[in-house]
$ cat entry.txt   # compact mmCIF, C-alpha atoms
# COMPACT_ATOMS: atom_id res chain seq x y z
CA MET A 1 0.00 0.00 0.00
CA THR A 2 1.43 3.39 -1.04
CA ARG A 3 0.85 5.98 1.64
CA TYR A 4 -0.26 9.45 0.59
CA ASP A 5 2.17 12.09 1.85
CA VAL A 6 1.21 15.74 1.35
CA LYS A 7 4.88 16.78 1.62
CA ARG A 8 5.65 14.60 -1.40
CA GLU A 9 2.51 15.37 -3.40
CA LEU A 10 2.75 19.16 -2.94
CA LYS A 11 6.50 19.69 -2.90
CA GLN A 12 6.18 23.31 -4.03
CA CYS A 13 4.17 24.02 -0.88
CA TYR A 14 5.92 21.78 1.65
CA ALA A 15 9.53 21.53 0.48
CA PRO A 16 10.64 24.97 -0.74
CA ARG A 17 14.36 25.71 -0.88
CA ASN A 18 14.18 29.47 -1.27
CA THR A 19 15.08 31.46 1.85
CA ASP A 20 13.88 34.77 0.41
CA TRP A 21 10.33 35.59 -0.61
CA ALA A 22 9.11 34.04 -3.86
CA LEU A 23 5.67 33.43 -5.34
CA VAL A 24 4.03 30.00 -5.37
CA ASP A 25 0.60 28.81 -6.53
CA VAL A 26 -1.08 26.96 -3.65
CA PRO A 27 -3.95 24.64 -4.61
CA ALA A 28 -7.09 24.31 -2.51
CA GLN A 29 -6.60 22.00 0.47
CA GLN A 30 -8.72 20.60 3.27
CA PHE A 31 -7.64 20.48 6.90
CA ILE A 32 -8.86 19.75 10.37
CA ALA A 33 -8.69 22.98 12.36
CA VAL A 34 -9.19 24.55 15.78
CA ASP A 35 -9.10 28.25 16.74
CA GLY A 36 -7.79 30.22 19.70
CA ARG A 37 -5.99 33.32 20.87
CA GLY A 38 -2.88 34.17 22.88
CA ASP A 39 0.82 33.47 23.22
CA PRO A 40 1.50 29.92 21.95
CA ASN A 41 4.42 29.65 24.37
CA THR A 42 2.31 30.19 27.48
CA SER A 43 -1.33 29.59 26.52
CA ALA A 44 -2.85 26.43 27.99
CA ASP A 45 -5.55 26.69 25.31
CA TYR A 46 -2.89 26.46 22.60
CA ALA A 47 -1.30 23.36 24.12
CA ARG A 48 -4.70 21.70 24.48
CA ALA A 49 -5.63 22.61 20.89
CA VAL A 50 -2.48 21.05 19.43
CA GLU A 51 -2.86 17.89 21.54
CA ALA A 52 -6.49 17.50 20.46
CA LEU A 53 -5.64 18.16 16.81
CA TYR A 54 -3.01 15.42 16.71
CA ALA A 55 -5.31 12.99 18.53
CA VAL A 56 -7.97 13.44 15.86
CA ALA A 57 -5.45 13.45 12.98
CA TYR A 58 -4.02 10.07 13.97
CA THR A 59 -7.48 8.63 14.58
CA ILE A 60 -8.51 9.75 11.07
CA LYS A 61 -5.40 8.05 9.66
CA PHE A 62 -6.10 4.74 11.40
CA THR A 63 -9.81 4.87 10.54
CA SER A 64 -9.06 5.57 6.87
CA LYS A 65 -6.61 2.68 6.70
CA ALA A 66 -8.95 0.23 8.42
CA ALA A 67 -12.23 1.23 6.78
CA LEU A 68 -11.10 2.38 3.33
CA GLY A 69 -7.75 0.67 2.83
CA ARG A 70 -6.19 4.09 2.22
CA ASP A 71 -3.24 5.11 4.37
CA PHE A 72 -1.47 8.44 4.63
CA VAL A 73 1.31 10.18 6.50
CA VAL A 74 -0.04 12.65 9.06
CA GLY A 75 0.99 16.08 7.81
CA PRO A 76 2.95 18.68 9.75
CA LEU A 77 1.32 21.09 12.14
CA GLU A 78 0.35 24.35 10.43
CA GLY A 79 -0.99 27.63 11.72
CA LEU A 80 -2.83 30.69 10.47
CA TRP A 81 -2.06 33.80 12.51
CA TRP A 82 -3.77 37.19 12.52
CA SER A 83 -4.53 40.25 14.62
CA ASP A 84 -6.40 43.53 14.42
CA ARG A 85 -2.93 45.12 14.51
CA PRO A 86 -0.55 43.49 11.98
CA GLU A 87 2.48 45.12 13.60
CA VAL A 88 2.20 42.75 16.56
CA PHE A 89 3.84 40.06 14.43
CA THR A 90 6.97 42.05 13.73
CA THR A 91 7.13 43.23 17.36
CA ARG A 92 6.30 39.68 18.60
CA ALA A 93 3.46 40.90 20.88
CA LYS A 94 2.14 37.35 21.13
CA ASP A 95 -0.71 37.95 23.58
CA ALA A 96 -2.51 39.80 20.77
CA TRP A 97 -2.22 36.95 18.26
CA HIS A 98 -5.21 34.97 17.01
CA TRP A 99 -4.45 31.50 15.68
CA ARG A 100 -6.02 28.65 13.77
CA MET A 101 -4.02 25.45 14.02
CA LEU A 102 -4.32 23.00 11.15
CA ILE A 103 -3.30 19.56 9.90
CA SER A 104 -3.77 18.79 6.19
CA GLN A 105 -6.10 15.96 5.16
CA PRO A 106 -6.26 13.93 1.93
CA ASP A 107 -9.17 14.82 -0.34
CA TRP A 108 -10.94 11.49 0.32
CA ILE A 109 -11.46 12.29 4.01
CA THR A 110 -15.14 13.17 4.46
CA ASP A 111 -17.02 15.10 7.13
CA ASP A 112 -18.55 11.83 8.34
CA LEU A 113 -15.12 10.23 8.76
CA ILE A 114 -13.88 13.29 10.66
CA ASP A 115 -16.91 13.17 12.96
CA GLU A 116 -16.39 9.45 13.55
CA ALA A 117 -12.72 10.04 14.37
CA LYS A 118 -13.58 12.88 16.74
CA GLN A 119 -16.00 10.67 18.67
CA ALA A 120 -13.43 7.86 18.89
CA ALA A 121 -10.61 10.19 19.93
CA LEU A 122 -12.79 11.89 22.54
CA ALA A 123 -13.79 8.53 24.03
CA LYS A 124 -10.15 7.42 24.18
CA LYS A 125 -8.38 10.64 25.17
CA GLY A 126 -11.08 12.59 26.97
CA LEU A 127 -9.84 15.93 25.62
CA PRO A 128 -12.72 18.47 25.60
CA THR A 129 -11.07 20.58 22.86
CA ILE A 130 -11.67 17.73 20.41
CA ALA A 131 -15.28 18.92 20.21
CA ASP A 132 -14.08 22.24 18.74
CA ILE A 133 -12.21 20.66 15.83
CA ARG A 134 -13.80 21.10 12.43
CA ARG A 135 -13.09 20.68 8.74
CA GLU A 136 -11.55 23.74 7.05
CA THR A 137 -10.89 24.39 3.35
CA LEU A 138 -8.18 26.87 2.31
CA LYS A 139 -7.99 28.40 -1.16
CA GLU A 140 -4.86 30.51 -0.85
CA GLY A 141 -3.81 30.62 -4.51
CA THR A 142 -0.92 32.95 -5.29
CA SER A 143 1.23 33.34 -2.18
CA ALA A 144 4.60 34.69 -1.16
CA GLN A 145 6.55 31.95 0.57
CA LEU A 146 9.99 31.10 1.94
CA LEU A 147 11.81 28.59 4.13
CA HIS A 148 12.89 30.14 7.43
CA VAL A 149 15.69 28.39 9.31
CA GLY A 150 16.17 29.47 12.91
CA PRO A 151 14.22 30.45 16.03
CA TYR A 152 10.59 31.48 15.64
CA ASP A 153 11.34 34.87 17.17
CA ASP A 154 13.82 35.58 14.37
CA GLU A 155 10.89 35.76 11.94
CA GLY A 156 10.26 39.43 12.79
CA PRO A 157 12.79 40.96 10.34
CA VAL A 158 11.74 38.50 7.63
CA LEU A 159 8.10 39.52 7.99
CA ALA A 160 9.05 43.20 8.13
CA ARG A 161 10.82 42.83 4.78
CA LEU A 162 7.67 41.22 3.32
CA HIS A 163 5.39 43.99 4.60
CA ARG A 164 7.64 46.97 3.93
CA GLU A 165 9.62 45.99 0.82
CA TYR A 166 8.63 42.87 -1.08
CA LEU A 167 4.90 43.52 -1.46
CA ALA A 168 5.34 47.11 -2.61
CA ALA A 169 8.15 46.23 -5.01
CA ASP A 170 5.95 43.67 -6.75
CA ASN A 171 2.69 45.68 -6.57
CA LEU A 172 1.09 43.16 -4.24
CA ARG A 173 -1.12 43.28 -1.17
CA MET A 174 -1.97 40.68 1.45
CA SER A 175 -5.18 38.73 0.78
CA GLY A 176 -5.33 36.23 3.65
CA HIS A 177 -3.87 35.26 6.99
CA HIS A 178 -0.19 34.72 7.67
CA HIS A 179 0.46 30.98 7.34
CA GLU A 180 3.23 28.91 8.96
CA ILE A 181 4.12 25.25 8.42
CA TYR A 182 6.27 23.65 11.10
CA LEU A 183 8.66 21.14 9.55
CA SER A 184 10.61 20.62 12.78
CA ASP A 185 9.58 19.40 16.22
CA HIS A 186 10.59 22.26 18.51
CA ARG A 187 10.84 19.84 21.44
CA ARG A 188 13.63 17.89 19.73
CA THR A 189 15.31 20.48 17.52
CA GLU A 190 17.80 23.20 18.43
CA PRO A 191 16.26 26.65 17.86
CA ALA A 192 18.96 27.51 15.30
CA LYS A 193 17.95 24.48 13.21
CA LEU A 194 14.17 24.88 13.26
CA LYS A 195 12.66 24.83 9.77
CA THR A 196 9.43 26.76 9.22
CA ILE A 197 7.68 27.62 5.97
CA LEU A 198 6.31 31.17 6.05
CA ARG A 199 3.50 31.92 3.60
CA GLN A 200 1.36 34.95 2.84
CA PRO A 201 -1.49 34.82 0.29
CA VAL A 202 -1.31 37.88 -1.98
CA ARG A 203 -3.05 39.58 -4.85
CA THR A 204 -2.28 42.46 -7.21
CA ALA A 205 -2.59 45.78 -5.41
CA ASN A 206 -4.44 47.57 -8.23
$ encode --input "entry.txt" --output "structure tokens"
Amino acid sequence: MTRYDVKRELKQCYAPRNTDWALVDVPAQQFIAVDGRGDPNTSADYARAVEALYAVAYTIKFTSKAALGRDFVVGPLEGLWWSDRPEVFTTRAKDAWHWRMLISQPDWITDDLIDEAKQAALAKKGLPTIADIRRETLKEGTSAQLLHVGPYDDEGPVLARLHREYLAADNLRMSGHHHEIYLSDHRRTEPAKLKTILRQPVRTAN
């Protein structure tokens, strides 16, 4: 059985090599998602959301393999981040951040299968946040994207360059939430070696 792996199937979106901003066309994707607000380093809600998301993601994987004979690699954790004040991302004022954490799902995963997996994961894990998980479809299209290597807090200057230089130089404006894809496990990886894909959906300014 060949396992579906989103990192292999969508290499342009999950395996970029460019470390400066470049445009990429992102196809529509479906995810499981959960929302929250606050500093991801200190928020108990954030920790609970990520734990619940992985519990459901792995239950979906096992259910798909058992019931449909279709296996897949659980995708990396992803996040959409936004605020009423965009400058809080360059200043790293994390208490003002809103977030939507995501894990990509193959296109054959249905709402019914997600609901079944949520019920099974809730019965097994007893995590109340599982009830808040839902299906989410993203249609980001044209996006500026790069591979950031290093600590998360070193993203500030990179994002400042996007906002203050890159977009204006290419006559672009932001058209969606800031998107991050976490290729490294921060619990097992030195901060200097963390790999994170930074993505910003854009459109022509005029």
$ closest_residue --input "entry.txt" --among "A:Glu190, A:Asp153, A:Asp20, A:Glu180" --to "Glu78 (chain A)" --atoms "all atoms listed in the file"
A:Glu180
$ closest_residue --input "entry.txt" --among "A:Ile109, A:Lys125, A:Leu194, A:Ala44" --to "Leu68 (chain A)" --atoms "only C-alpha atoms"
A:Ile109
$ residues_around --input "entry.txt" --residues "Ile32 (chain A)" --least-positions-apart "6" --cutoff "10 Å" --atoms "all atoms listed in the file" --output "PyMOL selection string"
chain A and resi 53-54+56-57+100-105+111+114+133-137
$ residues_near_point --input "entry.txt" --point "(-9.0, 33.1, 17.8)" --cutoff "7 Å" --atoms "only C-alpha atoms" --output "PyMOL selection string"
chain A and resi 35-37+98-100
$ write_last_selection --input "entry.txt" --atoms "C-alpha atoms" --output "PDB file, in the coordinates of the input"
ATOM      1  CA  ASP A  35      -9.100  28.250  16.740  1.00  0.00           C
ATOM      2  CA  GLY A  36      -7.790  30.220  19.700  1.00  0.00           C
ATOM      3  CA  ARG A  37      -5.990  33.320  20.870  1.00  0.00           C
ATOM      4  CA  HIS A  98      -5.210  34.970  17.010  1.00  0.00           C
ATOM      5  CA  TRP A  99      -4.450  31.500  15.680  1.00  0.00           C
ATOM      6  CA  ARG A 100      -6.020  28.650  13.770  1.00  0.00           C
TER       7      ARG A 100
END
$ atom_distance --input "entry.txt" --atom1 "CA of Arg92 (chain A)" --atom2 "CA of Val158 (chain A)"
12.3 Å
$ residues_around --input "entry.txt" --residues "Tyr166 (chain A)" --least-positions-apart "3" --cutoff "12 Å" --atoms "only C-alpha atoms" --output "PyMOL selection string"
chain A and resi 20-23+144-145+158-163+169-174+200+202
$ decode --input "entry.txt" --residues "region 37-142 of chain A" --atoms "C-alpha atoms" --output "PDB file, in the first residue's frame"
ATOM      1  CA  ARG A  37      -5.995  33.315  20.871  1.00  0.00           C
ATOM      2  CA  GLY A  38      -2.875  34.175  22.876  1.00  0.00           C
ATOM      3  CA  ASP A  39       0.820  33.466  23.222  1.00  0.00           C
ATOM      4  CA  PRO A  40       1.500  29.924  21.948  1.00  0.00           C
ATOM      5  CA  ASN A  41       4.423  29.648  24.369  1.00  0.00           C
ATOM      6  CA  THR A  42       2.309  30.192  27.477  1.00  0.00           C
ATOM      7  CA  SER A  43      -1.332  29.590  26.516  1.00  0.00           C
ATOM      8  CA  ALA A  44      -2.852  26.431  27.986  1.00  0.00           C
ATOM      9  CA  ASP A  45      -5.551  26.685  25.312  1.00  0.00           C
ATOM     10  CA  TYR A  46      -2.891  26.456  22.599  1.00  0.00           C
ATOM     11  CA  ALA A  47      -1.303  23.362  24.122  1.00  0.00           C
ATOM     12  CA  ARG A  48      -4.700  21.697  24.482  1.00  0.00           C
ATOM     13  CA  ALA A  49      -5.635  22.609  20.894  1.00  0.00           C
ATOM     14  CA  VAL A  50      -2.485  21.055  19.434  1.00  0.00           C
ATOM     15  CA  GLU A  51      -2.858  17.893  21.540  1.00  0.00           C
ATOM     16  CA  ALA A  52      -6.486  17.500  20.455  1.00  0.00           C
ATOM     17  CA  LEU A  53      -5.644  18.156  16.805  1.00  0.00           C
ATOM     18  CA  TYR A  54      -3.014  15.416  16.715  1.00  0.00           C
ATOM     19  CA  ALA A  55      -5.312  12.995  18.534  1.00  0.00           C
ATOM     20  CA  VAL A  56      -7.969  13.442  15.859  1.00  0.00           C
ATOM     21  CA  ALA A  57      -5.448  13.453  12.977  1.00  0.00           C
ATOM     22  CA  TYR A  58      -4.023  10.072  13.967  1.00  0.00           C
ATOM     23  CA  THR A  59      -7.477   8.630  14.577  1.00  0.00           C
ATOM     24  CA  ILE A  60      -8.512   9.746  11.073  1.00  0.00           C
ATOM     25  CA  LYS A  61      -5.400   8.055   9.663  1.00  0.00           C
ATOM     26  CA  PHE A  62      -6.096   4.738  11.396  1.00  0.00           C
ATOM     27  CA  THR A  63      -9.814   4.865  10.542  1.00  0.00           C
ATOM     28  CA  SER A  64      -9.060   5.572   6.875  1.00  0.00           C
ATOM     29  CA  LYS A  65      -6.609   2.678   6.696  1.00  0.00           C
ATOM     30  CA  ALA A  66      -8.951   0.226   8.416  1.00  0.00           C
ATOM     31  CA  ALA A  67     -12.231   1.226   6.776  1.00  0.00           C
ATOM     32  CA  LEU A  68     -11.102   2.380   3.332  1.00  0.00           C
ATOM     33  CA  GLY A  69      -7.751   0.669   2.829  1.00  0.00           C
ATOM     34  CA  ARG A  70      -6.188   4.092   2.215  1.00  0.00           C
ATOM     35  CA  ASP A  71      -3.240   5.108   4.370  1.00  0.00           C
ATOM     36  CA  PHE A  72      -1.469   8.443   4.633  1.00  0.00           C
ATOM     37  CA  VAL A  73       1.309  10.179   6.503  1.00  0.00           C
ATOM     38  CA  VAL A  74      -0.044  12.655   9.056  1.00  0.00           C
ATOM     39  CA  GLY A  75       0.986  16.079   7.806  1.00  0.00           C
ATOM     40  CA  PRO A  76       2.946  18.677   9.745  1.00  0.00           C
ATOM     41  CA  LEU A  77       1.323  21.092  12.140  1.00  0.00           C
ATOM     42  CA  GLU A  78       0.354  24.350  10.433  1.00  0.00           C
ATOM     43  CA  GLY A  79      -0.988  27.628  11.722  1.00  0.00           C
ATOM     44  CA  LEU A  80      -2.826  30.693  10.475  1.00  0.00           C
ATOM     45  CA  TRP A  81      -2.062  33.799  12.508  1.00  0.00           C
ATOM     46  CA  TRP A  82      -3.771  37.190  12.515  1.00  0.00           C
ATOM     47  CA  SER A  83      -4.529  40.254  14.621  1.00  0.00           C
ATOM     48  CA  ASP A  84      -6.401  43.531  14.421  1.00  0.00           C
ATOM     49  CA  ARG A  85      -2.928  45.121  14.510  1.00  0.00           C
ATOM     50  CA  PRO A  86      -0.545  43.494  11.979  1.00  0.00           C
ATOM     51  CA  GLU A  87       2.480  45.125  13.597  1.00  0.00           C
ATOM     52  CA  VAL A  88       2.204  42.746  16.560  1.00  0.00           C
ATOM     53  CA  PHE A  89       3.844  40.061  14.435  1.00  0.00           C
ATOM     54  CA  THR A  90       6.970  42.045  13.727  1.00  0.00           C
ATOM     55  CA  THR A  91       7.125  43.230  17.357  1.00  0.00           C
ATOM     56  CA  ARG A  92       6.295  39.677  18.602  1.00  0.00           C
ATOM     57  CA  ALA A  93       3.461  40.903  20.883  1.00  0.00           C
ATOM     58  CA  LYS A  94       2.136  37.354  21.132  1.00  0.00           C
ATOM     59  CA  ASP A  95      -0.710  37.946  23.576  1.00  0.00           C
ATOM     60  CA  ALA A  96      -2.512  39.796  20.771  1.00  0.00           C
ATOM     61  CA  TRP A  97      -2.221  36.949  18.264  1.00  0.00           C
ATOM     62  CA  HIS A  98      -5.206  34.975  17.013  1.00  0.00           C
ATOM     63  CA  TRP A  99      -4.453  31.504  15.676  1.00  0.00           C
ATOM     64  CA  ARG A 100      -6.025  28.650  13.770  1.00  0.00           C
ATOM     65  CA  MET A 101      -4.018  25.449  14.019  1.00  0.00           C
ATOM     66  CA  LEU A 102      -4.323  22.997  11.152  1.00  0.00           C
ATOM     67  CA  ILE A 103      -3.303  19.557   9.896  1.00  0.00           C
ATOM     68  CA  SER A 104      -3.775  18.794   6.192  1.00  0.00           C
ATOM     69  CA  GLN A 105      -6.103  15.956   5.161  1.00  0.00           C
ATOM     70  CA  PRO A 106      -6.262  13.932   1.930  1.00  0.00           C
ATOM     71  CA  ASP A 107      -9.174  14.815  -0.341  1.00  0.00           C
ATOM     72  CA  TRP A 108     -10.945  11.490   0.324  1.00  0.00           C
ATOM     73  CA  ILE A 109     -11.461  12.286   4.011  1.00  0.00           C
ATOM     74  CA  THR A 110     -15.136  13.172   4.464  1.00  0.00           C
ATOM     75  CA  ASP A 111     -17.020  15.096   7.126  1.00  0.00           C
ATOM     76  CA  ASP A 112     -18.547  11.831   8.337  1.00  0.00           C
ATOM     77  CA  LEU A 113     -15.124  10.232   8.762  1.00  0.00           C
ATOM     78  CA  ILE A 114     -13.877  13.291  10.659  1.00  0.00           C
ATOM     79  CA  ASP A 115     -16.908  13.172  12.964  1.00  0.00           C
ATOM     80  CA  GLU A 116     -16.385   9.452  13.554  1.00  0.00           C
ATOM     81  CA  ALA A 117     -12.719  10.044  14.373  1.00  0.00           C
ATOM     82  CA  LYS A 118     -13.585  12.884  16.745  1.00  0.00           C
ATOM     83  CA  GLN A 119     -15.996  10.672  18.670  1.00  0.00           C
ATOM     84  CA  ALA A 120     -13.433   7.860  18.890  1.00  0.00           C
ATOM     85  CA  ALA A 121     -10.611  10.195  19.932  1.00  0.00           C
ATOM     86  CA  LEU A 122     -12.788  11.890  22.543  1.00  0.00           C
ATOM     87  CA  ALA A 123     -13.791   8.533  24.026  1.00  0.00           C
ATOM     88  CA  LYS A 124     -10.154   7.422  24.176  1.00  0.00           C
ATOM     89  CA  LYS A 125      -8.376  10.643  25.167  1.00  0.00           C
ATOM     90  CA  GLY A 126     -11.080  12.591  26.975  1.00  0.00           C
ATOM     91  CA  LEU A 127      -9.836  15.932  25.622  1.00  0.00           C
ATOM     92  CA  PRO A 128     -12.717  18.474  25.601  1.00  0.00           C
ATOM     93  CA  THR A 129     -11.067  20.577  22.862  1.00  0.00           C
ATOM     94  CA  ILE A 130     -11.673  17.730  20.411  1.00  0.00           C
ATOM     95  CA  ALA A 131     -15.282  18.916  20.213  1.00  0.00           C
ATOM     96  CA  ASP A 132     -14.085  22.235  18.741  1.00  0.00           C
ATOM     97  CA  ILE A 133     -12.206  20.656  15.835  1.00  0.00           C
ATOM     98  CA  ARG A 134     -13.800  21.101  12.427  1.00  0.00           C
ATOM     99  CA  ARG A 135     -13.088  20.679   8.736  1.00  0.00           C
ATOM    100  CA  GLU A 136     -11.551  23.740   7.047  1.00  0.00           C
ATOM    101  CA  THR A 137     -10.885  24.387   3.352  1.00  0.00           C
ATOM    102  CA  LEU A 138      -8.185  26.867   2.310  1.00  0.00           C
ATOM    103  CA  LYS A 139      -7.990  28.396  -1.156  1.00  0.00           C
ATOM    104  CA  GLU A 140      -4.863  30.514  -0.852  1.00  0.00           C
ATOM    105  CA  GLY A 141      -3.813  30.619  -4.512  1.00  0.00           C
ATOM    106  CA  THR A 142      -0.917  32.953  -5.291  1.00  0.00           C
TER     107      THR A 142
END
